[in-house]
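First the structure, in the form of structure tokens, and then the observations on it.
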Amino acid sequence: MTGGPGEPAAAAPEKIQPELRASLKTLPAQPFWVRLDARPDLSAASAIKDWNERGAAVVEALRKTAEKSQADVVRRLKAEGVEYHTFYASNSVYVARGTLDLAETLAEETEVSAIQVHRMYELPEPLKAQQVADVDDVEWGVHAIGADRVWADGTRGEGIVVGSIDSGVQYDHPALVNSYRGNMGEAGFSHDYNWYDPSQVCGSPSLAPCDNNQHGTHTMGTMVGDGGPGNHIGVAPGARWIAAKGCEERSCSDFALLASAEWMLAPTNLAGQDPRPDLRPHIVNNSWGTDNGPASDPWFADVVADWRAAGIFPMFSNGNAGEGGCDTSGTPGDYASTYSAGAFDVNGKIGYFSSRGPGAGGITKPNIAAPGVDVRSSVPGN
């Protein structure tokens, strides 16, 4: 845009995030993100009735847009011999080790909208719980939301696949092994399309699910776990589960989280090949995020939009910063496009730590409160 007569042309907006520019001056080579503007129109996807066709249409549109808009950035990175990874779900490129000179060069590309820092997110720190009595042989939280009454009507989550982006899962835990989609019965286990570990924490290559933090196994138990009499811990024990290790340990890199989120749109085999949108989950649970409200960070918003276009329900923690009062909802749980949960205890009282809104743009958050204090569930070690 140019100015009026005698006025100078308006300066181009700064594409390099000031935080990244300052950081690169003290640490000359580090990871960063290149974000691109282009987004496909996914509005028609929800009208596609066939589950397989809907998923394939979303992935195809995202891939085509990303490949076209990222072409010049990729060409420059190849010429520089720089390690990089492209993402179609958010139309971005992760540069594994870049300099300020490289960032300034990439910022010259018209398709580039921003160049941003590499961030880490956190899993909640587990707190020691007190013993809370079961109700009719099920955990109090399962009973509190009426899940056991739904079971009595013959519905336990059958036909639904739940995806988890967390610290991983002990897949052969007695309360979880029967609901793992990779459990082939007498044929053993197939982890293709059911497990993804982008940072190769569980092995190189990472061939089977593990959990080095306990958090992912615990949350999965609350979703689908069933250890038999005395251990009816999960809300939907008839559902099946798959998992991606978006959190290397207690911390979660934005690289691993975004890679996991993209994998959920089209799970791959263990070699990262042959993506299958038809094998995507119906729900993805995300018990991670920032706890620093109120500044909402839209970095994950494109992925949430992709999931919704593909028919995936985006479930998030609302955060554990509630001691700070209102305006403490965490990102991405504070997005209008996500469905977030707060926590209440056995007496129906909101947990003191449970983050509360408003969320981004003043919307009400969390969307719902659920049992989240003194919840007994599965942990690694059986």
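By convention in this document, the chains of the structure tokens carry letters A, B, ... by their order, each chain's residues are numbered from 1, and ligands are numbered from 1 in the order they are shown.
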*Go through segment 37-141 of chain A and collect every residue that DSSP, computed from the backbone, puts in strand (DSSP E or B); the answer should be as a count of residues only.*
22
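Here the question is which of A:Val303, A:Val177, A:Leu279, A:Ala336 gets nearest to Ala261 of chain A using only C-alpha atoms, and that residue is A:Val303.
Between Val150 of chain A and the residues A:Leu257, A:Asn347, A:Leu127, A:Gly238, the shortest atom-to-atom distance, using only C-alpha atoms, involves A:Gly238.
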_Please determine, counting only C-alpha atoms, which residue among A:Ser46, A:Gln30, A:Ser179, A:Ser190 has the shortest atom-to-atom distance to Ile312 of chain A._
A:Ser46
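In terms of minimum interatomic distance to Val142 of chain A, A:Val235 ranks closest within A:Ala369, A:Ala341, A:Ala22, A:Val235, counting only C-alpha atoms.
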*For Glu158 of chain A, please output as a PyMOL selection string all residues within 8 Å (counting only C-alpha atoms; exclusion window: fewer than 2 positions along the same chain).*
chain A and resi 155-156+160+238-240
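Taking only C-alpha atoms into account, Ser377 of chain A lies nearest to A:Ala129 out of the set A:Ala129, A:Cys202, A:Ile363, A:Val58.
Counting only C-alpha atoms, the residue from A:Arg376, A:Lys64, A:Arg119, A:His85 that sits nearest to Ala133 of chain A is A:Arg376.
Of note, atom CA of Gln116 of chain A and atom CA of Arg356 of chain A are spaced 27.9 Å apart.
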*asked:* I'd like the neighbourhood of His143 of chain A as a PyMOL selection string, where a residue qualifies if any of its atoms comes within 10 Å (using only C-alpha atoms), though same-chain residues fewer than 4 positions away should be ignored.
replied: chain A and resi 134-139+147-149+233+235+371
Residues just named, written with N, CA, C and O atoms as a CSV table (one decimal), in the first residue's frame:
```
chain,number,residue,atom,x,y,z
A,134,ASP,N,-15.6,-45.9,45.6
A,134,ASP,CA,-16.3,-46.3,44.4
A,134,ASP,C,-17.8,-46.1,44.6
A,134,ASP,O,-18.3,-46.1,45.8
A,135,VAL,N,-18.5,-46.1,43.5
A,135,VAL,CA,-20.0,-46.1,43.6
A,135,VAL,C,-20.5,-47.3,42.8
A,135,VAL,O,-20.3,-47.3,41.6
A,136,ASP,N,-21.1,-48.3,43.4
A,136,ASP,CA,-21.6,-49.5,42.7
A,136,ASP,C,-20.5,-50.1,41.8
A,136,ASP,O,-20.7,-50.4,40.7
A,137,ASP,N,-19.3,-50.2,42.3
A,137,ASP,CA,-18.2,-50.8,41.7
A,137,ASP,C,-17.6,-50.0,40.5
A,137,ASP,O,-16.8,-50.5,39.7
A,138,VAL,N,-18.0,-48.8,40.3
A,138,VAL,CA,-17.3,-47.9,39.3
A,138,VAL,C,-16.7,-46.7,40.0
A,138,VAL,O,-17.2,-46.3,41.1
A,139,GLU,N,-15.7,-46.1,39.4
A,139,GLU,CA,-15.1,-44.9,40.0
A,139,GLU,C,-16.1,-43.8,40.1
A,139,GLU,O,-17.0,-43.7,39.3
A,147,ALA,N,-22.2,-42.1,33.3
A,147,ALA,CA,-21.8,-43.0,32.2
A,147,ALA,C,-22.3,-44.5,32.5
A,147,ALA,O,-22.6,-45.2,31.6
A,148,ASP,N,-22.3,-44.9,33.8
A,148,ASP,CA,-22.7,-46.2,34.1
A,148,ASP,C,-24.2,-46.5,33.8
A,148,ASP,O,-24.6,-47.6,33.4
A,149,ARG,N,-25.0,-45.4,33.8
A,149,ARG,CA,-26.4,-45.5,33.5
A,149,ARG,C,-26.5,-45.7,32.0
A,149,ARG,O,-27.5,-46.4,31.5
A,233,ILE,N,-12.7,-47.9,35.5
A,233,ILE,CA,-12.2,-46.5,35.6
A,233,ILE,C,-12.5,-45.6,34.5
A,233,ILE,O,-12.5,-44.4,34.6
A,235,VAL,N,-14.8,-44.0,31.1
A,235,VAL,CA,-16.1,-43.5,30.7
A,235,VAL,C,-16.7,-44.3,29.6
A,235,VAL,O,-17.8,-44.7,29.6
A,371,PRO,N,-15.4,-34.5,36.3
A,371,PRO,CA,-14.6,-35.1,37.4
A,371,PRO,C,-13.1,-35.0,37.2
A,371,PRO,O,-12.6,-35.5,36.2
```
_Report as a list in words all protein, DNA and RNA residues lying within 8 Å of Trp195 of chain A, evaluated on only C-alpha atoms, omitting residues in the same chain fewer than 3 positions from it._
His191, Asp192, Ala208, Pro209, Ile242, Ala243, Ala244 and Leu270 of chain A
